[in-house]
Every structure is written in C-alpha cells, then in structure tokens.
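Read the structure below first, then the notes.
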Amino acid sequence: MNKIEGLIAATFAAFNGDGSLNLNIIPRITDKMVEDGLTGVFICGTNGEGPNLTVEERMQVAEAYVKAARKRLLVLVHVGHTSIAESRKLAFHAQQIGADAISSVAAFYFKPASVKILVDSMAEIASAAPKLPFYYYHIPALTGMHMDMVEFLKLSEDVIPNLAGIKYTASTLHEYQACLNYKNGKYDILFGYDEMLLGALAVGAKGAVGSTYTFCAPIYLRIIEMYHKNEQEGARNLQMISVEMVRCIVKYAPIPAQRAIMKMIGFELGPCRLPLLSLTDKEYEELKTAITPIVSFDFATATKY
C-alpha cells in the first residue's frame, strides 16, 4: 500500500438498545464516508471502543466494514489488546478478511519499559499479518507511553518488515515533523489531532485519522484544499471552527459527545458501554445548542465564518 493521502475517519462503535452490536448500521456509515470524500476508515480504535469489545465482536465489526467498503475505502483495523496473543488473532483475522492495514497501541496495563521492548511487542503483533501494512498507534494520552517515536522508527526498521508508519495521535508537532522526515520520508506518519490538522499540514502531513471526520469531513477537506491553494486565511478560519467545535465536545466525555452528534445527523449508535456513559437528555440538548452556531447540522458547511 502506498502512503495514505487524505482523511481517515475513526468511526464509532454501534450498539443496539440492549448493548449488543449493531452491525446493520455499518453499511450506512460506510456509504456516508464514501459520499463525504474520505480515503478510509479506522475501526475498533479509541472511538470504536475497541477495548470495550470482545475479540469476537471486533472480528464481526471488521468483517462488516470490509464487506460494506467494497474497496471504495481503505479499512484500517485496530488490533491492539492488553494480550499480544489476542492482538495476533485480530491481526491474522484482518489479513484473512481482506482489510487494507492493521494498527496497534502499546499494551496499556503492563507497559513496555523501553522503546526496544515496545518495538519487540509490535513486531510480534505485526508478524501475524505479514502481508498487511502495520501502523504503530501512538496515543500517549491514553496509553501513558511517552516514548521517542524517532527512536521507535530506527529500532523497528530491521524487525518489523511490514511497518508502514505511525498513527500519531499526540500534539508534539516537532516530533511528528521529525518522524515525517526520518530517512527522507521513508514512513507514512498519519496525524491524529483533528483540531491541529492545519499545523500538521504546515510541517508536511499528507494523511490524517480523526473522529470528527466521521461527521464533518467536508470542513477538513476544504482546509486541505485551501492550504494547498495558499488560501491561508480561509484555512485558518475553518480550522478555528474545528477548534471551537472540539472545545464544545470536550466539555463532556468526548466519545459520548461525538456519538450524540452522530445521533443529531441521523445515525443512532445506541448506548455506550461502561465505563463510558451516554450523555443525559439535558447534556444532549446543551451540546446541540452550543454546537449549532458553529456548524450547520449537515456539517458540510461552517455557519460562523
């Protein structure tokens, strides 16, 4: 697989009212991603509540997305787990069903004590699906793994043959830039903070993965377009809309709040799984009231600027 350009939506888990998986909505979500102009989907990650799903459920979700995508979108499957053996099962399964790439976070209970141990752990997982590109999922805010990612790339070269790059979900743009430029851009470094997309573009980003791309991709695609046309003021204005939207979202638990936005645009994703809690009716209405002046409800256009 070549380097990814454009936007990858980190899609949300979908449940029925009784808490069971809702696989029936996945074709609708996938069709929306295609219509919005996205490059792919990243499934069973943070927003997909991967750690809250059983391995069997994660396999079912992966199968549903691969089937619904029909090669119209890239399907990147997150296979991270506290057990490397379970991660390997998920990685092997992703390869068997025709996914386009796999990704894994570091173990987040017994944490790797060094970059080398992290690399060795990822090598074990990646080797279960040797035909698929592998992306290390760097998200230190959730895993607590604040390690040098340039060092990770250096140590990975000879031990992870299918390493494609890093899904870089951290605000340290200087390190992100260093990873982008490692060995003249050898690796694909996907940026993971939606509200900082313009800054990432400025240091060389070509591809990005994010949750808000699920419901307002057109704004971000316009940011990319304006940036490349050197329409910098317009790009900054649109990025500011993203910033203000995210500021609204993070006043609540971010995943439940974004699931609520999906409901606002017609995608009922059901309740979260504990320890996450869905917004109350009051919180839902507060969020709706706060976000309406910032973006329109089709999320294709901005209303403030």
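Starting from 1 in every chain, residues are counted up; chains themselves are A, B, ... following the order of the structure tokens, and ligands are numbered from 1 as listed.
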
Worksheet item: Excluding same-chain residues fewer than 4 positions from region 223-233 of chain A, what lies within 12 Å of it counting only C-alpha atoms, as a PyMOL selection string?
Response: chain A and resi 5-7+194-208+216-219+237-242+301-302+305

Worksheet item: Neighbours of Arg273 (chain A) within 8 Å (only C-alpha atoms; same-chain residues fewer than 3 positions away dropped), as number ranges by chain?
Response: A: 19, 52, 276-277

Pull N, CA, C and O atoms from the residues just selected and write them as a tab-separated table (two decimals), in the first residue's frame.
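The file below, part-v8.tsv, is the result:
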chain	number	residue	atom	x	y	z
A	19	GLY	N	-27.43	-3.30	24.23
A	19	GLY	CA	-25.98	-3.34	24.38
A	19	GLY	C	-25.26	-4.25	23.42
A	19	GLY	O	-24.02	-4.27	23.38
A	52	ASN	N	-13.46	-1.98	24.66
A	52	ASN	CA	-14.71	-2.37	25.31
A	52	ASN	C	-15.41	-3.52	24.59
A	52	ASN	O	-16.48	-3.96	25.02
A	276	LEU	N	-17.82	4.03	29.90
A	276	LEU	CA	-18.34	5.22	29.25
A	276	LEU	C	-19.84	5.32	29.48
A	276	LEU	O	-20.53	4.30	29.56
A	277	LEU	N	-20.34	6.55	29.57
A	277	LEU	CA	-21.76	6.79	29.76
A	277	LEU	C	-22.28	7.75	28.69
A	277	LEU	O	-21.64	8.77	28.41

Do a neighbour search on region 145-153 of chain A at 12 Å with only C-alpha atoms, toss out local chain neighbours closer than 6 positions, and write the hits as a compact mmCIF listing (two decimals) with all heavy atoms, in the first residue's frame.
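In the end it all went to result22.txt:
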# COMPACT_ATOMS: atom_id res chain seq x y z
N VAL A 105 -2.06 -0.14 19.42
CA VAL A 105 -1.48 0.63 20.52
C VAL A 105 -0.52 -0.24 21.29
O VAL A 105 -0.50 -1.47 21.14
CB VAL A 105 -2.57 1.15 21.50
CG1 VAL A 105 -3.47 2.18 20.84
CG2 VAL A 105 -3.38 0.00 22.08
N ALA A 106 0.25 0.39 22.16
CA ALA A 106 1.09 -0.36 23.10
C ALA A 106 0.20 -0.99 24.16
O ALA A 106 -0.92 -0.53 24.42
CB ALA A 106 2.08 0.59 23.77
N ALA A 107 0.70 -2.04 24.77
CA ALA A 107 0.00 -2.61 25.92
C ALA A 107 -0.14 -1.51 26.98
O ALA A 107 0.81 -0.76 27.23
CB ALA A 107 0.77 -3.79 26.48
N PHE A 108 -1.32 -1.39 27.58
CA PHE A 108 -1.57 -0.25 28.46
C PHE A 108 -1.82 -0.65 29.91
O PHE A 108 -2.18 0.19 30.72
CB PHE A 108 -2.75 0.59 27.93
CG PHE A 108 -3.92 -0.22 27.44
CD1 PHE A 108 -4.89 -0.65 28.32
CD2 PHE A 108 -4.02 -0.55 26.09
CE1 PHE A 108 -5.98 -1.39 27.86
CE2 PHE A 108 -5.09 -1.30 25.62
CZ PHE A 108 -6.08 -1.72 26.51
N TYR A 109 -1.60 -1.92 30.24
CA TYR A 109 -1.64 -2.33 31.65
C TYR A 109 -0.22 -2.66 32.09
O TYR A 109 0.41 -1.89 32.82
CB TYR A 109 -2.59 -3.51 31.85
CG TYR A 109 -2.79 -3.84 33.31
CD1 TYR A 109 -3.72 -3.14 34.08
CD2 TYR A 109 -2.04 -4.84 33.93
CE1 TYR A 109 -3.88 -3.41 35.43
CE2 TYR A 109 -2.20 -5.13 35.27
CZ TYR A 109 -3.13 -4.41 36.02
OH TYR A 109 -3.28 -4.69 37.36
N PHE A 110 0.34 -3.76 31.60
CA PHE A 110 1.77 -3.99 31.75
C PHE A 110 2.45 -3.28 30.58
O PHE A 110 2.43 -3.75 29.46
CB PHE A 110 2.09 -5.49 31.72
CG PHE A 110 1.51 -6.26 32.87
CD1 PHE A 110 0.62 -7.29 32.65
CD2 PHE A 110 1.86 -5.95 34.17
CE1 PHE A 110 0.07 -8.01 33.71
CE2 PHE A 110 1.31 -6.65 35.24
CZ PHE A 110 0.42 -7.69 35.01
N LYS A 111 3.04 -2.14 30.86
CA LYS A 111 3.55 -1.30 29.78
C LYS A 111 4.99 -1.67 29.43
O LYS A 111 5.79 -2.01 30.31
CB LYS A 111 3.52 0.18 30.20
CG LYS A 111 2.12 0.72 30.46
CD LYS A 111 2.20 2.18 30.89
CE LYS A 111 0.83 2.79 31.05
NZ LYS A 111 0.05 2.16 32.14
N PRO A 112 5.35 -1.61 28.15
CA PRO A 112 6.75 -1.81 27.75
C PRO A 112 7.65 -0.81 28.48
O PRO A 112 7.33 0.37 28.58
CB PRO A 112 6.74 -1.54 26.24
CG PRO A 112 5.33 -1.79 25.82
CD PRO A 112 4.48 -1.37 26.97
N ALA A 113 8.77 -1.31 28.98
CA ALA A 113 9.66 -0.48 29.80
C ALA A 113 10.68 0.29 28.98
O ALA A 113 11.41 1.12 29.52
CB ALA A 113 10.37 -1.34 30.84
N SER A 114 10.77 0.01 27.69
CA SER A 114 11.74 0.70 26.84
C SER A 114 11.22 0.70 25.41
O SER A 114 10.30 -0.04 25.06
CB SER A 114 13.09 -0.02 26.88
OG SER A 114 12.98 -1.30 26.28
N VAL A 115 11.84 1.54 24.58
CA VAL A 115 11.45 1.57 23.17
C VAL A 115 11.71 0.21 22.53
O VAL A 115 10.90 -0.27 21.73
CB VAL A 115 12.21 2.68 22.41
CG1 VAL A 115 11.84 2.66 20.93
CG2 VAL A 115 11.89 4.05 23.01
N LYS A 116 12.81 -0.43 22.91
CA LYS A 116 13.11 -1.75 22.33
C LYS A 116 12.03 -2.77 22.65
O LYS A 116 11.60 -3.55 21.78
CB LYS A 116 14.47 -2.26 22.82
CG LYS A 116 14.86 -3.59 22.18
CD LYS A 116 16.17 -4.12 22.70
CE LYS A 116 16.56 -5.40 21.95
NZ LYS A 116 15.52 -6.46 22.01
N ILE A 117 11.56 -2.78 23.89
CA ILE A 117 10.50 -3.73 24.26
C ILE A 117 9.21 -3.39 23.52
O ILE A 117 8.48 -4.29 23.08
CB ILE A 117 10.29 -3.74 25.79
CG1 ILE A 117 11.56 -4.23 26.50
CG2 ILE A 117 9.10 -4.62 26.16
CD1 ILE A 117 11.51 -4.12 28.01
N LEU A 118 8.94 -2.10 23.36
CA LEU A 118 7.77 -1.68 22.57
C LEU A 118 7.89 -2.20 21.14
O LEU A 118 6.93 -2.76 20.60
CB LEU A 118 7.66 -0.15 22.58
CG LEU A 118 6.57 0.45 21.67
CD1 LEU A 118 5.19 -0.02 22.10
CD2 LEU A 118 6.67 1.97 21.67
N VAL A 119 9.06 -2.03 20.55
CA VAL A 119 9.28 -2.50 19.18
C VAL A 119 9.11 -4.01 19.10
O VAL A 119 8.44 -4.53 18.19
CB VAL A 119 10.68 -2.08 18.68
CG1 VAL A 119 11.04 -2.79 17.38
CG2 VAL A 119 10.72 -0.56 18.49
N ASP A 120 9.69 -4.73 20.05
CA ASP A 120 9.57 -6.19 20.03
C ASP A 120 8.10 -6.63 20.16
O ASP A 120 7.67 -7.59 19.52
CB ASP A 120 10.39 -6.80 21.16
CG ASP A 120 11.90 -6.68 20.92
OD1 ASP A 120 12.29 -6.40 19.77
OD2 ASP A 120 12.67 -6.86 21.89
N SER A 121 7.35 -5.90 20.97
CA SER A 121 5.92 -6.21 21.14
C SER A 121 5.16 -5.99 19.84
O SER A 121 4.33 -6.83 19.44
CB SER A 121 5.32 -5.35 22.26
OG SER A 121 5.97 -5.57 23.49
N MET A 122 5.42 -4.87 19.19
CA MET A 122 4.74 -4.57 17.94
C MET A 122 5.15 -5.55 16.83
O MET A 122 4.35 -5.93 15.99
CB MET A 122 5.02 -3.13 17.50
CG MET A 122 4.44 -2.06 18.43
SD MET A 122 2.64 -2.17 18.65
CE MET A 122 2.55 -2.80 20.34
N ALA A 123 6.41 -5.98 16.89
CA ALA A 123 6.89 -6.95 15.89
C ALA A 123 6.13 -8.27 16.02
O ALA A 123 5.79 -8.90 15.01
CB ALA A 123 8.39 -7.18 16.06
N TYR A 135 0.75 -0.12 11.24
CA TYR A 135 0.96 1.22 11.80
C TYR A 135 0.97 1.12 13.33
O TYR A 135 0.01 0.63 13.92
CB TYR A 135 -0.16 2.17 11.39
CG TYR A 135 -0.15 2.58 9.94
CD1 TYR A 135 -0.71 1.76 8.97
CD2 TYR A 135 0.41 3.79 9.54
CE1 TYR A 135 -0.71 2.12 7.63
CE2 TYR A 135 0.42 4.17 8.21
CZ TYR A 135 -0.14 3.33 7.26
OH TYR A 135 -0.13 3.71 5.94
N TYR A 136 2.05 1.59 13.95
CA TYR A 136 2.01 1.71 15.40
C TYR A 136 1.09 2.87 15.76
O TYR A 136 1.17 3.95 15.16
CB TYR A 136 3.41 1.95 15.98
CG TYR A 136 3.37 2.29 17.46
CD1 TYR A 136 2.77 1.42 18.36
CD2 TYR A 136 3.88 3.50 17.94
CE1 TYR A 136 2.69 1.73 19.71
CE2 TYR A 136 3.81 3.81 19.29
CZ TYR A 136 3.20 2.93 20.17
OH TYR A 136 3.12 3.25 21.50
N TYR A 137 0.22 2.66 16.72
CA TYR A 137 -0.75 3.67 17.14
C TYR A 137 -0.22 4.37 18.39
O TYR A 137 -0.29 3.84 19.49
CB TYR A 137 -2.09 2.98 17.40
CG TYR A 137 -3.26 3.86 17.75
CD1 TYR A 137 -4.52 3.29 17.95
CD2 TYR A 137 -3.15 5.24 17.90
CE1 TYR A 137 -5.62 4.06 18.26
CE2 TYR A 137 -4.24 6.02 18.22
CZ TYR A 137 -5.48 5.43 18.41
OH TYR A 137 -6.57 6.19 18.73
N HIS A 138 0.33 5.55 18.18
CA HIS A 138 0.94 6.34 19.25
C HIS A 138 -0.12 7.28 19.82
O HIS A 138 -0.52 8.25 19.18
CB HIS A 138 2.11 7.14 18.66
CG HIS A 138 2.81 8.04 19.64
ND1 HIS A 138 3.35 7.60 20.82
CD2 HIS A 138 3.06 9.39 19.59
CE1 HIS A 138 3.91 8.61 21.46
NE2 HIS A 138 3.73 9.71 20.74
N ILE A 139 -0.59 6.98 21.03
CA ILE A 139 -1.60 7.82 21.68
C ILE A 139 -1.27 7.89 23.17
O ILE A 139 -1.94 7.30 24.03
CB ILE A 139 -3.04 7.33 21.39
CG1 ILE A 139 -4.07 8.25 21.99
CG2 ILE A 139 -3.23 5.85 21.79
CD1 ILE A 139 -5.49 8.07 21.46
N VAL A 159 13.22 -5.12 12.29
CA VAL A 159 12.46 -6.17 13.00
C VAL A 159 10.97 -6.17 12.66
O VAL A 159 10.27 -7.12 13.02
CB VAL A 159 12.66 -6.08 14.54
CG1 VAL A 159 14.09 -6.41 14.91
CG2 VAL A 159 12.26 -4.73 15.07
N ILE A 160 10.47 -5.12 12.01
CA ILE A 160 9.07 -5.10 11.58
C ILE A 160 9.06 -4.85 10.07
O ILE A 160 8.94 -3.71 9.61
CB ILE A 160 8.24 -4.02 12.32
CG1 ILE A 160 8.42 -4.12 13.84
CG2 ILE A 160 6.75 -4.16 11.96
CD1 ILE A 160 7.65 -3.08 14.63
N PRO A 161 9.22 -5.90 9.27
CA PRO A 161 9.32 -5.73 7.82
C PRO A 161 8.11 -5.04 7.19
O PRO A 161 8.25 -4.35 6.18
CB PRO A 161 9.45 -7.16 7.30
CG PRO A 161 9.91 -7.97 8.46
CD PRO A 161 9.35 -7.32 9.67
N LEU A 163 6.25 -2.70 8.60
CA LEU A 163 5.95 -1.40 9.22
C LEU A 163 5.72 -0.35 8.14
O LEU A 163 6.60 -0.05 7.34
CB LEU A 163 7.09 -0.96 10.14
CG LEU A 163 6.87 0.40 10.82
CD1 LEU A 163 5.73 0.32 11.84
CD2 LEU A 163 8.16 0.90 11.49
N ALA A 164 4.50 0.19 8.14
CA ALA A 164 4.18 1.27 7.19
C ALA A 164 4.44 2.63 7.80
O ALA A 164 4.81 3.57 7.09
CB ALA A 164 2.72 1.16 6.75
N GLY A 165 4.24 2.74 9.11
CA GLY A 165 4.44 4.03 9.75
C GLY A 165 3.77 4.10 11.11
O GLY A 165 3.64 3.10 11.81
N ILE A 166 3.32 5.29 11.45
CA ILE A 166 2.75 5.56 12.77
C ILE A 166 1.44 6.32 12.62
O ILE A 166 1.34 7.25 11.82
CB ILE A 166 3.72 6.40 13.64
CG1 ILE A 166 5.03 5.64 13.89
CG2 ILE A 166 3.08 6.78 14.97
CD1 ILE A 166 6.11 6.49 14.58
N LYS A 167 0.45 5.90 13.38
CA LYS A 167 -0.75 6.73 13.58
C LYS A 167 -0.42 7.61 14.78
O LYS A 167 -0.43 7.16 15.91
CB LYS A 167 -1.98 5.88 13.83
CG LYS A 167 -3.26 6.68 14.07
CD LYS A 167 -4.41 5.75 14.42
CE LYS A 167 -5.71 6.50 14.64
NZ LYS A 167 -5.72 7.37 15.83
N TYR A 168 -0.13 8.87 14.51
CA TYR A 168 0.49 9.75 15.51
C TYR A 168 -0.57 10.64 16.15
O TYR A 168 -0.92 11.70 15.62
CB TYR A 168 1.59 10.59 14.83
CG TYR A 168 2.50 11.30 15.80
CD1 TYR A 168 3.74 10.77 16.13
CD2 TYR A 168 2.11 12.50 16.39
CE1 TYR A 168 4.58 11.42 17.02
CE2 TYR A 168 2.94 13.16 17.29
CZ TYR A 168 4.17 12.61 17.60
OH TYR A 168 5.01 13.25 18.49
N THR A 169 -1.09 10.22 17.30
CA THR A 169 -2.11 10.98 18.00
C THR A 169 -1.50 11.63 19.23
O THR A 169 -1.64 11.15 20.36
CB THR A 169 -3.31 10.09 18.36
OG1 THR A 169 -3.78 9.45 17.17
CG2 THR A 169 -4.45 10.91 18.93
N ALA A 170 -0.78 12.69 18.99
CA ALA A 170 -0.14 13.49 20.04
C ALA A 170 0.03 14.89 19.50
O ALA A 170 0.06 15.11 18.29
CB ALA A 170 1.20 12.88 20.44
N SER A 171 0.15 15.86 20.41
CA SER A 171 0.21 17.27 19.99
C SER A 171 1.64 17.76 19.78
O SER A 171 1.84 18.95 19.49
CB SER A 171 -0.48 18.14 21.05
OG SER A 171 0.15 17.98 22.31
N THR A 172 2.62 16.88 19.90
CA THR A 172 4.04 17.27 19.78
C THR A 172 4.42 17.35 18.29
O THR A 172 5.00 16.41 17.74
CB THR A 172 4.92 16.24 20.52
OG1 THR A 172 4.41 14.92 20.27
CG2 THR A 172 4.91 16.49 22.01
N LEU A 173 4.11 18.48 17.69
CA LEU A 173 4.33 18.64 16.25
C LEU A 173 5.79 18.55 15.86
O LEU A 173 6.11 18.13 14.75
CB LEU A 173 3.76 19.98 15.78
CG LEU A 173 2.28 20.01 15.38
CD1 LEU A 173 1.86 21.42 15.02
CD2 LEU A 173 2.00 19.06 14.22
N HIS A 174 6.68 18.95 16.76
CA HIS A 174 8.11 18.88 16.42
C HIS A 174 8.55 17.43 16.24
O HIS A 174 9.30 17.10 15.31
CB HIS A 174 8.96 19.58 17.49
CG HIS A 174 8.83 18.98 18.85
ND1 HIS A 174 7.71 19.14 19.63
CD2 HIS A 174 9.68 18.21 19.58
CE1 HIS A 174 7.87 18.50 20.78
NE2 HIS A 174 9.06 17.93 20.77
N GLU A 175 8.06 16.53 17.10
CA GLU A 175 8.42 15.12 16.95
C GLU A 175 7.70 14.53 15.73
O GLU A 175 8.27 13.71 15.00
CB GLU A 175 8.06 14.33 18.20
CG GLU A 175 8.53 12.87 18.10
CD GLU A 175 8.10 12.02 19.28
OE1 GLU A 175 6.88 11.85 19.49
OE2 GLU A 175 8.99 11.52 19.99
N TYR A 176 6.46 14.94 15.53
CA TYR A 176 5.73 14.48 14.34
C TYR A 176 6.51 14.84 13.08
O TYR A 176 6.68 14.02 12.19
CB TYR A 176 4.33 15.12 14.32
CG TYR A 176 3.56 14.79 13.06
CD1 TYR A 176 3.01 13.54 12.86
CD2 TYR A 176 3.42 15.74 12.04
CE1 TYR A 176 2.32 13.23 11.70
CE2 TYR A 176 2.74 15.44 10.88
CZ TYR A 176 2.18 14.18 10.72
OH TYR A 176 1.52 13.88 9.55
N GLN A 177 7.01 16.07 13.01
CA GLN A 177 7.79 16.51 11.85
C GLN A 177 9.07 15.68 11.72
O GLN A 177 9.46 15.30 10.60
CB GLN A 177 8.13 17.99 11.97
CG GLN A 177 8.87 18.55 10.76
CD GLN A 177 9.10 20.05 10.86
OE1 GLN A 177 8.84 20.66 11.89
NE2 GLN A 177 9.59 20.64 9.79
N ALA A 178 9.70 15.38 12.83
CA ALA A 178 10.92 14.56 12.79
C ALA A 178 10.62 13.16 12.26
O ALA A 178 11.40 12.60 11.47
CB ALA A 178 11.54 14.48 14.18
N CYS A 179 9.48 12.61 12.64
CA CYS A 179 9.09 11.29 12.13
C CYS A 179 8.80 11.35 10.63
O CYS A 179 9.20 10.45 9.87
CB CYS A 179 7.87 10.77 12.87
SG CYS A 179 8.16 10.32 14.60
N LEU A 180 8.10 12.41 10.20
CA LEU A 180 7.82 12.57 8.78
C LEU A 180 9.10 12.60 7.95
O LEU A 180 9.14 12.08 6.83
CB LEU A 180 7.06 13.89 8.54
CG LEU A 180 5.56 13.95 8.76
CD1 LEU A 180 5.08 15.38 8.57
CD2 LEU A 180 4.81 13.02 7.81
N ASN A 181 10.11 13.23 8.50
CA ASN A 181 11.35 13.44 7.75
C ASN A 181 12.40 12.35 7.98
O ASN A 181 13.48 12.42 7.39
CB ASN A 181 11.93 14.81 8.08
CG ASN A 181 11.14 15.93 7.43
OD1 ASN A 181 11.34 16.26 6.28
ND2 ASN A 181 10.21 16.52 8.18
N TYR A 182 12.09 11.37 8.81
CA TYR A 182 13.05 10.30 9.07
C TYR A 182 13.40 9.58 7.76
O TYR A 182 12.52 9.14 7.03
CB TYR A 182 12.48 9.32 10.09
CG TYR A 182 13.39 8.16 10.36
CD1 TYR A 182 14.55 8.32 11.10
CD2 TYR A 182 13.10 6.89 9.86
CE1 TYR A 182 15.40 7.26 11.34
CE2 TYR A 182 13.94 5.81 10.09
CZ TYR A 182 15.09 6.00 10.84
OH TYR A 182 15.95 4.95 11.06
N LYS A 183 14.69 9.51 7.47
CA LYS A 183 15.18 8.87 6.25
C LYS A 183 14.44 9.35 5.00
O LYS A 183 13.95 8.57 4.19
CB LYS A 183 15.13 7.34 6.38
CG LYS A 183 16.16 6.81 7.36
CD LYS A 183 16.58 5.39 7.05
CE LYS A 183 17.80 5.01 7.88
NZ LYS A 183 18.16 3.57 7.71
N GLY A 185 11.58 10.72 4.60
CA GLY A 185 10.17 10.40 4.47
C GLY A 185 9.88 8.95 4.18
O GLY A 185 8.93 8.63 3.47
N LYS A 186 10.69 8.07 4.73
CA LYS A 186 10.53 6.64 4.46
C LYS A 186 9.17 6.11 4.92
O LYS A 186 8.58 5.23 4.27
CB LYS A 186 11.66 5.86 5.16
CG LYS A 186 11.56 4.35 4.98
CD LYS A 186 12.74 3.64 5.65
CE LYS A 186 12.62 2.12 5.47
NZ LYS A 186 13.78 1.41 6.08
N TYR A 187 8.67 6.65 6.05
CA TYR A 187 7.47 6.08 6.64
C TYR A 187 6.26 7.00 6.50
O TYR A 187 6.39 8.22 6.35
CB TYR A 187 7.71 5.75 8.12
CG TYR A 187 8.67 4.60 8.29
CD1 TYR A 187 9.99 4.82 8.71
CD2 TYR A 187 8.27 3.29 8.02
CE1 TYR A 187 10.87 3.77 8.87
CE2 TYR A 187 9.15 2.23 8.17
CZ TYR A 187 10.44 2.46 8.60
OH TYR A 187 11.32 1.42 8.73
N ASP A 188 5.09 6.39 6.56
CA ASP A 188 3.81 7.10 6.47
C ASP A 188 3.38 7.46 7.88
O ASP A 188 3.05 6.57 8.68
CB ASP A 188 2.79 6.15 5.81
CG ASP A 188 1.51 6.85 5.42
OD1 ASP A 188 1.47 8.10 5.43
OD2 ASP A 188 0.53 6.14 5.09
N ILE A 189 3.37 8.74 8.19
CA ILE A 189 3.03 9.19 9.54
C ILE A 189 1.69 9.93 9.48
O ILE A 189 1.61 11.06 9.00
CB ILE A 189 4.13 10.11 10.13
CG1 ILE A 189 5.54 9.52 9.88
CG2 ILE A 189 3.89 10.33 11.61
CD1 ILE A 189 5.80 8.19 10.54

Could you name the residues that touch Tyr252 (chain A) at 12 Å or less, counting only C-alpha atoms, but leaving out those on the same chain fewer than 5 positions away, as an mmCIF file with N, CA and C atoms, in the first residue's frame?
data_model
loop_
_atom_site.group_PDB
_atom_site.id
_atom_site.type_symbol
_atom_site.label_atom_id
_atom_site.label_comp_id
_atom_site.auth_asym_id
_atom_site.auth_seq_id
_atom_site.Cartn_x
_atom_site.Cartn_y
_atom_site.Cartn_z
ATOM 1 N N VAL A 246 -14.450 21.341 18.814
ATOM 2 C CA VAL A 246 -13.818 20.409 19.746
ATOM 3 C C VAL A 246 -13.907 20.943 21.175
ATOM 4 N N ARG A 247 -13.797 22.248 21.335
ATOM 5 C CA ARG A 247 -13.940 22.834 22.679
ATOM 6 C C ARG A 247 -15.337 22.564 23.247
ATOM 7 N N ALA A 257 -20.028 12.427 23.606
ATOM 8 C CA ALA A 257 -20.481 13.664 22.974
ATOM 9 C C ALA A 257 -20.502 13.537 21.451
ATOM 10 N N GLN A 258 -19.492 12.913 20.890
ATOM 11 C CA GLN A 258 -19.462 12.747 19.438
ATOM 12 C C GLN A 258 -20.495 11.725 18.966
ATOM 13 N N ARG A 259 -20.743 10.722 19.784
ATOM 14 C CA ARG A 259 -21.819 9.792 19.462
ATOM 15 C C ARG A 259 -23.157 10.524 19.436
ATOM 16 N N ALA A 260 -23.301 11.511 20.326
ATOM 17 C CA ALA A 260 -24.523 12.316 20.348
ATOM 18 C C ALA A 260 -24.646 13.133 19.063
ATOM 19 N N LEU A 276 -17.823 4.027 29.901
ATOM 20 C CA LEU A 276 -18.340 5.223 29.246
ATOM 21 C C LEU A 276 -19.843 5.317 29.478
ATOM 22 N N LEU A 277 -20.345 6.552 29.567
ATOM 23 C CA LEU A 277 -21.764 6.788 29.759
ATOM 24 C C LEU A 277 -22.277 7.746 28.692
ATOM 25 N N SER A 278 -23.420 7.432 28.124
ATOM 26 C CA SER A 278 -24.031 8.329 27.145
ATOM 27 C C SER A 278 -24.413 9.646 27.808
ATOM 28 N N LEU A 279 -24.511 10.700 27.009
ATOM 29 C CA LEU A 279 -24.961 11.980 27.541
ATOM 30 C C LEU A 279 -26.395 11.859 28.050
ATOM 31 N N THR A 280 -26.709 12.613 29.091
ATOM 32 C CA THR A 280 -28.099 12.703 29.530
ATOM 33 C C THR A 280 -28.882 13.524 28.505
ATOM 34 N N LYS A 282 -30.440 16.212 29.012
ATOM 35 C CA LYS A 282 -30.091 17.620 29.251
ATOM 36 C C LYS A 282 -28.762 17.954 28.589
ATOM 37 N N GLU A 283 -27.780 17.084 28.763
ATOM 38 C CA GLU A 283 -26.466 17.318 28.152
ATOM 39 C C GLU A 283 -26.559 17.296 26.631
ATOM 40 N N TYR A 284 -27.357 16.389 26.110
ATOM 41 C CA TYR A 284 -27.561 16.299 24.656
ATOM 42 C C TYR A 284 -28.077 17.629 24.104
ATOM 43 N N GLU A 286 -27.925 20.586 25.541
ATOM 44 C CA GLU A 286 -26.907 21.628 25.754
ATOM 45 C C GLU A 286 -25.872 21.599 24.639
ATOM 46 N N LEU A 287 -25.408 20.408 24.307
ATOM 47 C CA LEU A 287 -24.409 20.271 23.244
ATOM 48 C C LEU A 287 -24.983 20.730 21.914
ATOM 49 N N ALA A 290 -25.100 24.435 21.831
ATOM 50 C CA ALA A 290 -23.773 25.053 21.768
ATOM 51 C C ALA A 290 -23.134 24.908 20.398
#

Discussion item. With DSSP run on the backbone, what are the alpha helix (DSSP H) residues within region 213-268 of chain A? I'd like them as a PyMOL selection string.
Written reply: chain A and resi 213-228+232-249+254-264

Item to complete: Using DSSP on the backbone, list every residue of region 22-172 of chain A that comes out as strand (DSSP E), and give them as a ChimeraX atom specification.
Response: /A:40-43,74-78,101-104,134-138,163-168

Take the residues from that selection and write them out as a short mmCIF file (atom, residue, chain, number, x, y, z; two decimals), in the first residue's frame, keeping C-alpha atoms.
data_model
loop_
_atom_site.label_atom_id
_atom_site.label_comp_id
_atom_site.auth_asym_id
_atom_site.auth_seq_id
_atom_site.Cartn_x
_atom_site.Cartn_y
_atom_site.Cartn_z
CA GLY A 40 -10.74 5.30 4.56
CA VAL A 41 -11.99 4.24 7.97
CA PHE A 42 -10.09 3.32 11.11
CA ILE A 43 -12.16 0.81 13.09
CA LEU A 74 -9.38 1.72 2.89
CA VAL A 75 -10.21 -0.27 6.02
CA LEU A 76 -7.59 0.06 8.76
CA VAL A 77 -8.25 -2.34 11.64
CA HIS A 78 -7.04 -1.58 15.13
CA ALA A 101 -3.88 -2.33 7.05
CA ILE A 102 -3.62 -3.00 10.77
CA SER A 103 -2.63 -0.84 13.70
CA SER A 104 -1.95 -1.39 17.38
CA PHE A 134 1.32 -2.15 10.05
CA TYR A 135 0.96 1.22 11.80
CA TYR A 136 2.01 1.71 15.40
CA TYR A 137 -0.75 3.67 17.14
CA HIS A 138 0.94 6.34 19.25
CA LEU A 163 5.95 -1.40 9.22
CA ALA A 164 4.18 1.27 7.19
CA GLY A 165 4.44 4.03 9.75
CA ILE A 166 2.75 5.56 12.77
CA LYS A 167 -0.75 6.73 13.58
CA TYR A 168 0.49 9.75 15.51
#

Fill in: Nearest residue to Ile25 (chain A) from the set A:Thr11, A:Asn184, A:Thr289, A:Asn47 (distances using only C-alpha atoms)
A:Thr11

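The coordinates place CA of Ala62 (chain A) at 25.6 Å from CA of Tyr220 (chain A).
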
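Minimum atom-to-atom distance to Ala13 (chain A), evaluated using only C-alpha atoms, belongs to A:Glu268 out of A:Glu35, A:Glu268, A:Asp100, A:Asp158.
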
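Between Asn2 (chain A) and the residues A:Val209, A:Leu274, A:Leu132, A:Leu21, the shortest atom-to-atom distance, using only C-alpha atoms, involves A:Leu132.
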
Discussion item. Give me the residues near Val66 (chain A) as a ChimeraX atom specification, where near means some atom within 8 Å (using only C-alpha atoms) and where sequence neighbours in that chain fewer than 5 positions away do not count.
Written reply: /A:71,75,97-99
